[in-house]
Structures are given as structure tokens and as C-alpha cells.
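Only one structure is covered here, and it is reproduced in the block below.
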There are 2 protein chains.
Amino acid sequence: MRIESPRYTERVGSVRINDVQKVLELDSGRAKELPREEKIAVQKTEEDTIKDLEEKMAIIIPTKDEKLKLFEGVISGVPHECLIIVVSNSQRKRVDRFRMERDTLSQFCHFTRRQALIIHQKDPILAEALREAGYTELLGEDGQIRDGKAEGMMIAMLIAMIAKKNYVGFIDADNYFPGAVWEYVRCYASGFSMAKSPYVMVRILWRYKPKISTGMYFKKWGRVSEITNRCINSLISTKTGFETEIIKTGNAGEHAMSLGLAKILPYASSYAVEPQELVSIFEGFGGVLPMAHQAAAKHGVEIFQIETRNPHLHEEKGEQHQQEMLLPGLGVIYHSPLCDKDTKQMVLDELRQQNAISQDKEPSKPRLYPPLKKVDLQQFTKAIKEHIDSYSALEGEQ
Amino acid sequence: MRIESPRYTERVGSVRINDVQKVLELDSGRAKELPREEKIAVQKTEEDTIKDLEEKMAIIIPTKDEKLKLFEGVISGVPHECLIIVVSNSQRKRVDRFRMERDTLSQFCHFTRRQALIIHQKDPILAEALREAGYTELLGEDGQIRDGKAEGMMIAMLIAMIAKKNYVGFIDADNYFPGAVWEYVRCYASGFSMAKSPYVMVRILWRYKPKISTGMYFKKWGRVSEITNRCINSLISTKTGFETEIIKTGNAGEHAMSLGLAKILPYASSYAVEPQELVSIFEGFGGVLPMAHQAAAKHGVEIFQIETRNPHLHEEKGEQHQQEMLLPGLGVIYHSPLCDKDTKQMVLDELRQQNAISQDKEPSKPRLYPPLKKVDLQQFTKAIKEHIDSYSALEGEQ
């Protein structure tokens, strides 16, 4: 894969945010020694490097009652060397959709000889294991793991730690193009290969996001993303004193992290999770508040934003879903201790303009989960150890 | 890449037509020795094998006034090891679109360090070279190369021969997904790797072809394809005496051939080219008419049909285009010496039902070009030799 070298890097405390880098070539062929001057503009990530990183990567697919055809396509696009972890919150009553997902995954793994794990978010064993591991924040009043995409992602990250992976990458289950999924994972690997710090995050920017409701129109930005990015950039600008537009991936569902970084970030619930990750990084390592983690502060936290070649074509969830995404995302910005008066006002203006809140209200405070390093991983592993085999999609064949 | 092994093969004379094989996994990871029993159901093509074949392959992209953004995306999806040959019939007056295509290709090649050739179909040097090489059939009354996709493809195949490639693969320039283009080329390579004969053709079947005009509906078959396939299958059935549905890729624009096969087939003009290739194979090697080529008859001609994982999303050309494709395709079937009374009637019924011809008419006879082996390649090479550098997209930098 060939992508642009990072041309511009913004520094905020210990955080290094790289400007968007475009993918130039999906498949850049065999390894070849490049003249030094060529590396200045373009970064070629060799196949071997990509596969080395994929072997260390778990691809997490959170899903909830998604069309099986889409789910099947998504898993078929994940490169072979990655461990697939599906965390599902699909219905089990009336129609057992989880069972169908599991069967689909098993069949895929059977024919492609690969490893995958699938767990249900409401599995009581998981809830019990979290309780024993001293991390009850994720549990609701009914003693089960709470609903929400973020909550599923966190469970899957813990499973990735048990599987001794070094990286986690997230892929939404509603993508129409397996070839785009494949590209996302390669972008993750390319980003990791460029990182100088073990605390690294890669966020995907879609080249275009086609709107299919009105014929075919290739939009560069979703409205929600545009607003979220503007507010996060305002948050940064007021701290550095220089206006910036560096963040272009505030809502990136497709993103990846080293587990070193994943372990030390607090997470917000549901759709606030992706913008909160950035806010958490600025709070923890931006140099305004005390550093959240000494080693990470020393190495620095690196953020890569990579623009894919493939457009992003996914299930259209409609206007209501847009609002559902906007409000929690701006809520985390509004309630961040970093948030100044001007940015707060900007958030309120945007939300009111979109009719997302009424005139005299402010966005509600997001639910925040403490970093996963709080989990006693040994206890957690012990508690689910005898069940972990049952999460394997290949279980029946062992 | 992992695809299904061929489960069923239909034999017609020296022709072996394999039933559709699905792609299971886009990227099947590192080379690994598979137990023998696993190879029965699934075929894994190793990266090295794919790249070896890609090195021997020219990817031909015929284009005519296509959107530059689409063209740019398509070339970015072609694997690095392939030689790209663009044959353009875009306008050069008023706006010089050919120049824009050339610039786009040059920029891409510059940053990705790869080889590509681009030629204009109306380049007088090409016409002159064909004249000297004794192949004037491709020239119109004005002495220039005729318009048409087929005509462009034939020119590009000659260039691929000069470049000493062994395989040619065709990709339409109107594809929205670079990741799908990448998959097509890998399908070509996988097919070639399975072939037992040097006379081989790989045709792509799209998993789905989304209709975007009415929301998002995933159609399995276009109407034109459905009708064309039915008529070709009827043509075969009446010869073998067994009804068949084996042909599912009658109109496949995305297809590839060994140059050994490409050289000995007659081609039909414009949109009749893809169905005619199949008809030519049955005429030449189906055992009903005299064998067209002794070596090919001995080795047999192999046809693979591979179903991609990615849906096919391309520029919607509208109803009129559908008709423009249907008529010439059915014309080649109707006028084939293999075509019996029943199949002729089927063709007429279909065309009348689609209002493609009036009640008392029959489809006009397609223009047929003799096999490219008729071209005196030495003469042709000599005639364009001193110009070939100017077709290189990297020309300016040498």
C-alpha cells in the first residue's frame, strides 16, 4: 500500500496529530528498495510489514441486528492474519439473530481456516467476570452489561487483551463493500508502521460518502462529522492560541489503536465514544491538565488520519440516527474540563440549529467509563477462561 | 485470495466451461501448506502466485469521456505489478479530455513509480501501423481506427503483445470502487493459476449490482445479462442435447484472457464483443464446426466464471444504454453458424419483447474482425516503435 507521507503535524502537549494522508495505491506490489528522496513524499508499506502488524491486530466488529448479507461481506474483507472479534447485541428471543451471526461466522471460518471469536454483549458470564475483575461501571441496574456500541467495543478490547494482541481496529458491520473493509485494515497497519510511539491511534477519513437517497451524490463530509470536527478543533484552538482545522475524523467509526493506548483512555457511552477518544487524549496528554499516564506522556500519543481510496457506502440509517450521533458527540466536548466559554457556545448554537436540544437546555453529561487498565485482567481471564472456547467460531470442529 | 474450487465443468467439444466459483476471502494471508483434503472444496491462491501472474498481465482500461474521478479511482485499484494500458476515445477538441486523462495517469505513475501506457484510439500512427501490418479491417472509411469499445480493446491487446505480456485483463473505467477493481484483477490471476490449458479465459460475475435509482436494491442480474445468458445457453444446449445454464457471464465487461487465446479469436464490434468471444470459442472449438486452431483444440479452451465478493457499482447509463447493449449481443448469437431455429426464435422473441427491433425485422449482422494473429506484429512493432515512448505515462520524466 502506498500513502502520502505525513506533511504536517500539529503538536498539543504530548499529542502529535498528523494531517490527513491519502491512500495512493491499494496494492503496491512486491518489496523493492526505494531511493531515499522518494520516501519524502510517499510512504510505501510493504506486504510483509502489513502482515506482521495484522497478525498482532484484532479486528472488532460491533453489531446489532445488522443484515446478515452485510455482516458476511464485512468479515470476508478482513485480511486473513487478523483475529476477528464480533461483539453482538442482536436479539436472541423470537428470532435468534445472534445464532445466525454465529453460524455465518463459523461457516466462513470453516472454509477459510481462520480464527474468530463471537460473544453476545448480554452474556451473563461476561458480566460476572467484570464483577470479579472489579469493573462494575459497565454493568446496568439489571446486573447485565449495558447496551451500546461503546460498551460492546470495550468488552471486545478486553477479549483482545486476553488473546494477547497488540492492536485493535474497529469496523462497523453495515458496510456494503468488503473491498473497503480490506482497505481500512491496511490503513490501520500502515498507520501503525509509521508510528514512533507505542501509544498510537489511526482514524479513517472516507474519501467520499455517497448519498444514495437522491441518485448518486458523492459527499465529502457528513453533516454530523462536519459539526463535530469544527467543535473539537475549536477546543484545541483555544488551548494553543492558534486556530486549527487539523481534526477531520471526529466521528470516525473506523479507527484503530495500540492496546497500550486503548488501556489508558476513559471511554464515553454509546455514540459519544469516537469523539470522546480524541477529547480524552487531549485531556490526558494535551499539557493543560495533569498528564494521565507517565510513559505515554513521555513517548507522546500519535494520531494518524488516513483518507481511503474507496468511498464509504453503508446502510442509510436516516435523519434520526444523525441526531442520535450528533448530540452525544457534542456533549462530550461541552462537558470536557478543557471546554472554554466560546466552544461551549459554539456547541449550543449547533445543537439548537439542528433542533437537537431546546433553547434553554444544555446537552446532558455523557456517561464516562474509567480506563480499562482498572480491570484486573488476571481475574477477568480466570473468570471466563473455561468459557473462552465457546466464543470461538470454530468451536464445533475442535 | 480464497475461492471455491470448480465444482462442475461442462464440456463442449474442446471447450471446458467451469461453473461459477465464489470468492470466499479477499486476502487469505501468508503462504501456508494446506492439508490435501482442504483443497477439494477451496482454492487458495498464494500472494506470490498472484503477483507472478500480475507481472505477466496487462490491464486494459478502455475509456471514453469518463469522469476523471472515476478513472483516477480505477487506476489506483489496479495492483502494482500489472502494466496499465489505457485506450481512450475521449474528445480532444474544445476540451482535450484525453490530455486530462494522460495527466492524471502520469501523476499517478509518478507517485507510485509504476509503468503505464496511454494511447488515443484515433492516433494516426496506430492506423498507419495497422495498415503496414496488413490489418485494415479495423480502419474506417476515413482511414482512422473505427469508434467502439471492441476496437479500442483490440488495439490495446496489440500493445500488450508488443510489451511481451502473457495475459490481458479488461476493466471498465466507470467503476466507483477501487477495491472492486483490485478484486477483479486478483480473480483474473486466480483463474489463470487454476488453468490447465494455456488457452484460458476468466469472466467476472458480480455478486450484486446495486440499483441506486430507487434507493438501494441489490440486483443479482441485469436484465440484459439475463437475456444474453439464456440465449447463449440455448445455443449450447441444442448442440449437446442437454439443457444447460452454465453460462452466467455472457456480457461480462470484466474479463481476462491469455494472449494465446486472445490472438486466435475473431472479435465483434462495439458492445457485441463480450458475448461474441464466447460464441467464437464455441464456433472454433465446440466440435460442431472445424477446429479453428490445432494447438488450442488439443489443449482445450478453459473458461472460468468467478463471482466477486464486492458488489459492482458503476455509472448508471440508463435504459437506452441497456438496449444498445442488448441488440448487438443477441445479434452475434442470431447470426452464428451454430444458431439453430429454436434459438433464433428465442432471440427474436426477446428483442421484440424489449422493443429493440420491430416485428418483421431481424437483428443486423455484427461486424466481425479476423483474429489478431493476422496482424504482422513485427511490422506493427516497427511502425510504432519510435512512438511507443510517447505512449508512456511517465514520458516526461525519462
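In the C-alpha cells, chains take the letters A, B, ... in the order shown, each chain's residues start at 1, and ligands count up from 1 in the order shown.
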
So that each row is one residue of chain B with an atom at most 7 Å from chain A, can you give its shortest atom pair and the distance in Å to one decimal, using only C-alpha atoms, rows by chain and rising number, as a tab-separated table?
```
residue	atom	partner	partner_atom	distance
B:Leu24	CA	A:Ser76	CA	6.5
B:Glu25	CA	A:Ser76	CA	5.0
B:Leu26	CA	A:Gly77	CA	5.7
B:Asp27	CA	A:Pro79	CA	5.0
B:Ser28	CA	A:His80	CA	4.7
B:Gly29	CA	A:His80	CA	4.8
B:Val42	CA	A:Phe111	CA	7.0
B:Gly73	CA	A:Arg309	CA	6.9
B:Ser76	CA	A:Glu25	CA	5.0
B:Gly77	CA	A:Leu26	CA	5.7
B:Pro79	CA	A:Asp27	CA	5.0
B:His80	CA	A:Ser28	CA	4.8
B:Glu81	CA	A:Gly29	CA	5.6
B:Phe111	CA	A:Val42	CA	7.0
B:Phe177	CA	A:Asn310	CA	5.6
B:Pro178	CA	A:Asn310	CA	5.8
B:Gly179	CA	A:Gly179	CA	4.5
B:Ala180	CA	A:Gly179	CA	6.1
B:Ile212	CA	A:Gly215	CA	6.1
B:Ser213	CA	A:Gly215	CA	5.4
B:Gly215	CA	A:Ser213	CA	5.4
B:Met216	CA	A:Ile212	CA	7.0
B:Arg309	CA	A:Pro178	CA	6.6
B:Asn310	CA	A:Phe177	CA	5.6
B:Pro311	CA	A:Phe177	CA	6.8
```

Can you check which residues of range 64-206 of chain B DSSP gives as alpha helix (DSSP H) on the backbone and send them as a ChimeraX atom specification? /B:68-77,97-112,124-132,149-162,178-194

Find the spatial neighbours of range 221-238 of chain B, counting only C-alpha atoms, within a cut-off of 10 Å - ignore same-chain residues fewer than 3 positions away - and output them as a VMD selection string. chain B and resid 12 205 to 211 218 241 to 252 275 to 276 278 to 279 282 286 322 to 327 329 to 330 332 to 334 336 338 to 347 350 to 351 354

What is the CA of Ser364 in chain B to CA of Val273 in chain B distance in Å? 14.8 Å

Mind checking DSSP for range 95-321 of chain B and telling me the strand (DSSP E) residues as a PyMOL selection string? chain B and resi 116-120+167-170+199-205+209-211+217-219+255-258+267-268+301-307

What does the distance between CA of Gln91 in chain B and CA of Tyr135 in chain B come to in Å, to one decimal place?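 Here the two named atoms are 25.1 Å from each other.
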
Leaving out range 140-147 of chain A and any residue of its chain fewer than 2 positions from it, which residues lie within 6 Å of it when counting only C-alpha atoms, given as a VMD selection string? chain A and resid 122 127 138

What would the file look like if the residues just selected were written as a PDB file, in the first residue's frame with all heavy atoms?
```pdb
ATOM      1  N   LYS A 122     -24.761  -9.468  26.140  1.00  0.00           N
ATOM      2  CA  LYS A 122     -25.555  -9.745  27.343  1.00  0.00           C
ATOM      3  C   LYS A 122     -25.221 -11.093  27.972  1.00  0.00           C
ATOM      4  O   LYS A 122     -25.956 -11.578  28.833  1.00  0.00           O
ATOM      5  CB  LYS A 122     -27.045  -9.705  26.982  1.00  0.00           C
ATOM      6  CG  LYS A 122     -27.528  -8.355  26.482  1.00  0.00           C
ATOM      7  CD  LYS A 122     -27.429  -7.290  27.570  1.00  0.00           C
ATOM      8  CE  LYS A 122     -28.024  -5.983  27.073  1.00  0.00           C
ATOM      9  NZ  LYS A 122     -27.869  -4.902  28.063  1.00  0.00           N
ATOM     10  N   ALA A 127     -20.609 -10.481  32.295  1.00  0.00           N
ATOM     11  CA  ALA A 127     -20.980  -9.560  33.377  1.00  0.00           C
ATOM     12  C   ALA A 127     -20.372 -10.028  34.701  1.00  0.00           C
ATOM     13  O   ALA A 127     -19.792  -9.242  35.452  1.00  0.00           O
ATOM     14  CB  ALA A 127     -22.507  -9.475  33.481  1.00  0.00           C
ATOM     15  N   LEU A 138     -19.480  -0.933  33.888  1.00  0.00           N
ATOM     16  CA  LEU A 138     -20.099  -1.309  32.621  1.00  0.00           C
ATOM     17  C   LEU A 138     -21.440  -2.016  32.820  1.00  0.00           C
ATOM     18  O   LEU A 138     -22.157  -2.275  31.854  1.00  0.00           O
ATOM     19  CB  LEU A 138     -19.132  -2.235  31.846  1.00  0.00           C
ATOM     20  CG  LEU A 138     -18.994  -2.068  30.337  1.00  0.00           C
ATOM     21  CD1 LEU A 138     -18.754  -0.624  29.944  1.00  0.00           C
ATOM     22  CD2 LEU A 138     -17.852  -2.934  29.820  1.00  0.00           C
TER      23      LEU A 138
END
```

Tell me, in Å to one decimal, how far CA of Ser270 in chain A is from CA of Ala295 in chain A.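 Straight-line distance from CA of Ser270 in chain A to CA of Ala295 in chain A works out to 28.7 Å.
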
Find the residue from B:Lys56, B:Lys385, B:His314, B:Lys361 that sits nearest to Met257 in chain B; use only C-alpha atoms when measuring.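 Closest residue, counting only C-alpha atoms: B:Lys56.
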
Neighbours of Ala116 in chain A within 8 Å (only C-alpha atoms; same-chain residues fewer than 2 positions away dropped), as a PyMOL selection string? chain A and resi 83-86+105+109+114+118+392-394

Only N, CA, C and O atoms, please: the residues just picked out, written as a compact mmCIF listing (two decimals), in the first residue's frame.
```txt
# COMPACT_ATOMS: atom_id res chain seq x y z
N LEU A 83 -7.20 -11.43 13.84
CA LEU A 83 -8.20 -12.14 14.63
C LEU A 83 -9.49 -11.33 14.60
O LEU A 83 -9.49 -10.15 14.95
N ILE A 84 -10.58 -11.96 14.16
CA ILE A 84 -11.87 -11.26 14.15
C ILE A 84 -12.55 -11.45 15.50
O ILE A 84 -12.65 -12.58 15.99
N ILE A 85 -12.97 -10.36 16.12
CA ILE A 85 -13.79 -10.46 17.34
C ILE A 85 -15.12 -9.77 17.06
O ILE A 85 -15.16 -8.55 16.85
N VAL A 86 -16.18 -10.53 17.04
CA VAL A 86 -17.51 -9.96 16.84
C VAL A 86 -18.17 -9.82 18.19
O VAL A 86 -18.23 -10.78 18.97
N LEU A 105 -20.50 -16.81 10.76
CA LEU A 105 -19.08 -16.67 11.08
C LEU A 105 -18.40 -18.04 11.08
O LEU A 105 -17.29 -18.20 10.56
N CYS A 109 -15.32 -19.24 8.79
CA CYS A 109 -14.06 -19.68 9.39
C CYS A 109 -13.71 -21.10 8.96
O CYS A 109 -12.55 -21.44 8.75
N ARG A 114 -9.73 -19.92 9.48
CA ARG A 114 -9.23 -18.83 10.29
C ARG A 114 -9.91 -18.77 11.63
O ARG A 114 -10.91 -19.43 11.86
N ILE A 118 -16.78 -14.84 18.77
CA ILE A 118 -18.03 -14.10 18.77
C ILE A 118 -18.67 -14.20 20.14
O ILE A 118 -18.76 -15.28 20.72
N SER A 392 -15.25 -19.26 20.43
CA SER A 392 -14.60 -19.49 19.14
C SER A 392 -15.63 -19.88 18.10
O SER A 392 -16.48 -20.73 18.33
N ALA A 393 -15.53 -19.26 16.95
CA ALA A 393 -16.47 -19.56 15.88
C ALA A 393 -16.24 -20.96 15.34
O ALA A 393 -17.09 -21.53 14.68
N LEU A 394 -15.07 -21.54 15.63
CA LEU A 394 -14.78 -22.87 15.12
C LEU A 394 -15.03 -23.96 16.15
O LEU A 394 -14.71 -25.12 15.94
```

Near His120 in chain B, within 7 Å and counting only C-alpha atoms, which residues show up once chain neighbours fewer than 5 positions away are dropped, as an MDAnalysis selection string? chainID B and resid 87:89

Could you list, as JSON, numbers by chain, every residue within 9 Å of Ala163 in chain B, counting only C-alpha atoms and ignoring same-chain residues fewer than 3 positions away? {"B": [58, 83, 158, 159, 160]}

Take the residues from that selection and write them out as a CSV table (one decimal), in the first residue's frame, keeping N, CA and C atoms.
```
chain,number,residue,atom,x,y,z
B,58,ALA,N,-1.3,-7.4,-18.6
B,58,ALA,CA,-1.6,-6.0,-18.9
B,58,ALA,C,-3.1,-5.8,-18.5
B,83,LEU,N,0.9,-4.1,-15.8
B,83,LEU,CA,1.1,-2.9,-16.7
B,83,LEU,C,-0.3,-2.4,-17.1
B,158,LEU,N,-2.9,-5.5,-28.9
B,158,LEU,CA,-1.7,-5.5,-29.7
B,158,LEU,C,-0.5,-4.8,-29.0
B,159,ILE,N,-0.8,-3.8,-28.3
B,159,ILE,CA,0.2,-3.1,-27.4
B,159,ILE,C,0.7,-4.1,-26.4
B,160,ALA,N,-0.2,-4.8,-25.8
B,160,ALA,CA,0.2,-5.8,-24.7
B,160,ALA,C,1.1,-6.8,-25.3
```

Give the answer as one residue: which of A:Lys374, A:Lys365, A:Arg131, A:His387 has the shortest atom-to-atom distance to Ile119 in chain A, using only C-alpha atoms?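 Among the listed residues, the smallest separation from Ile119 in chain A belongs to A:His387.
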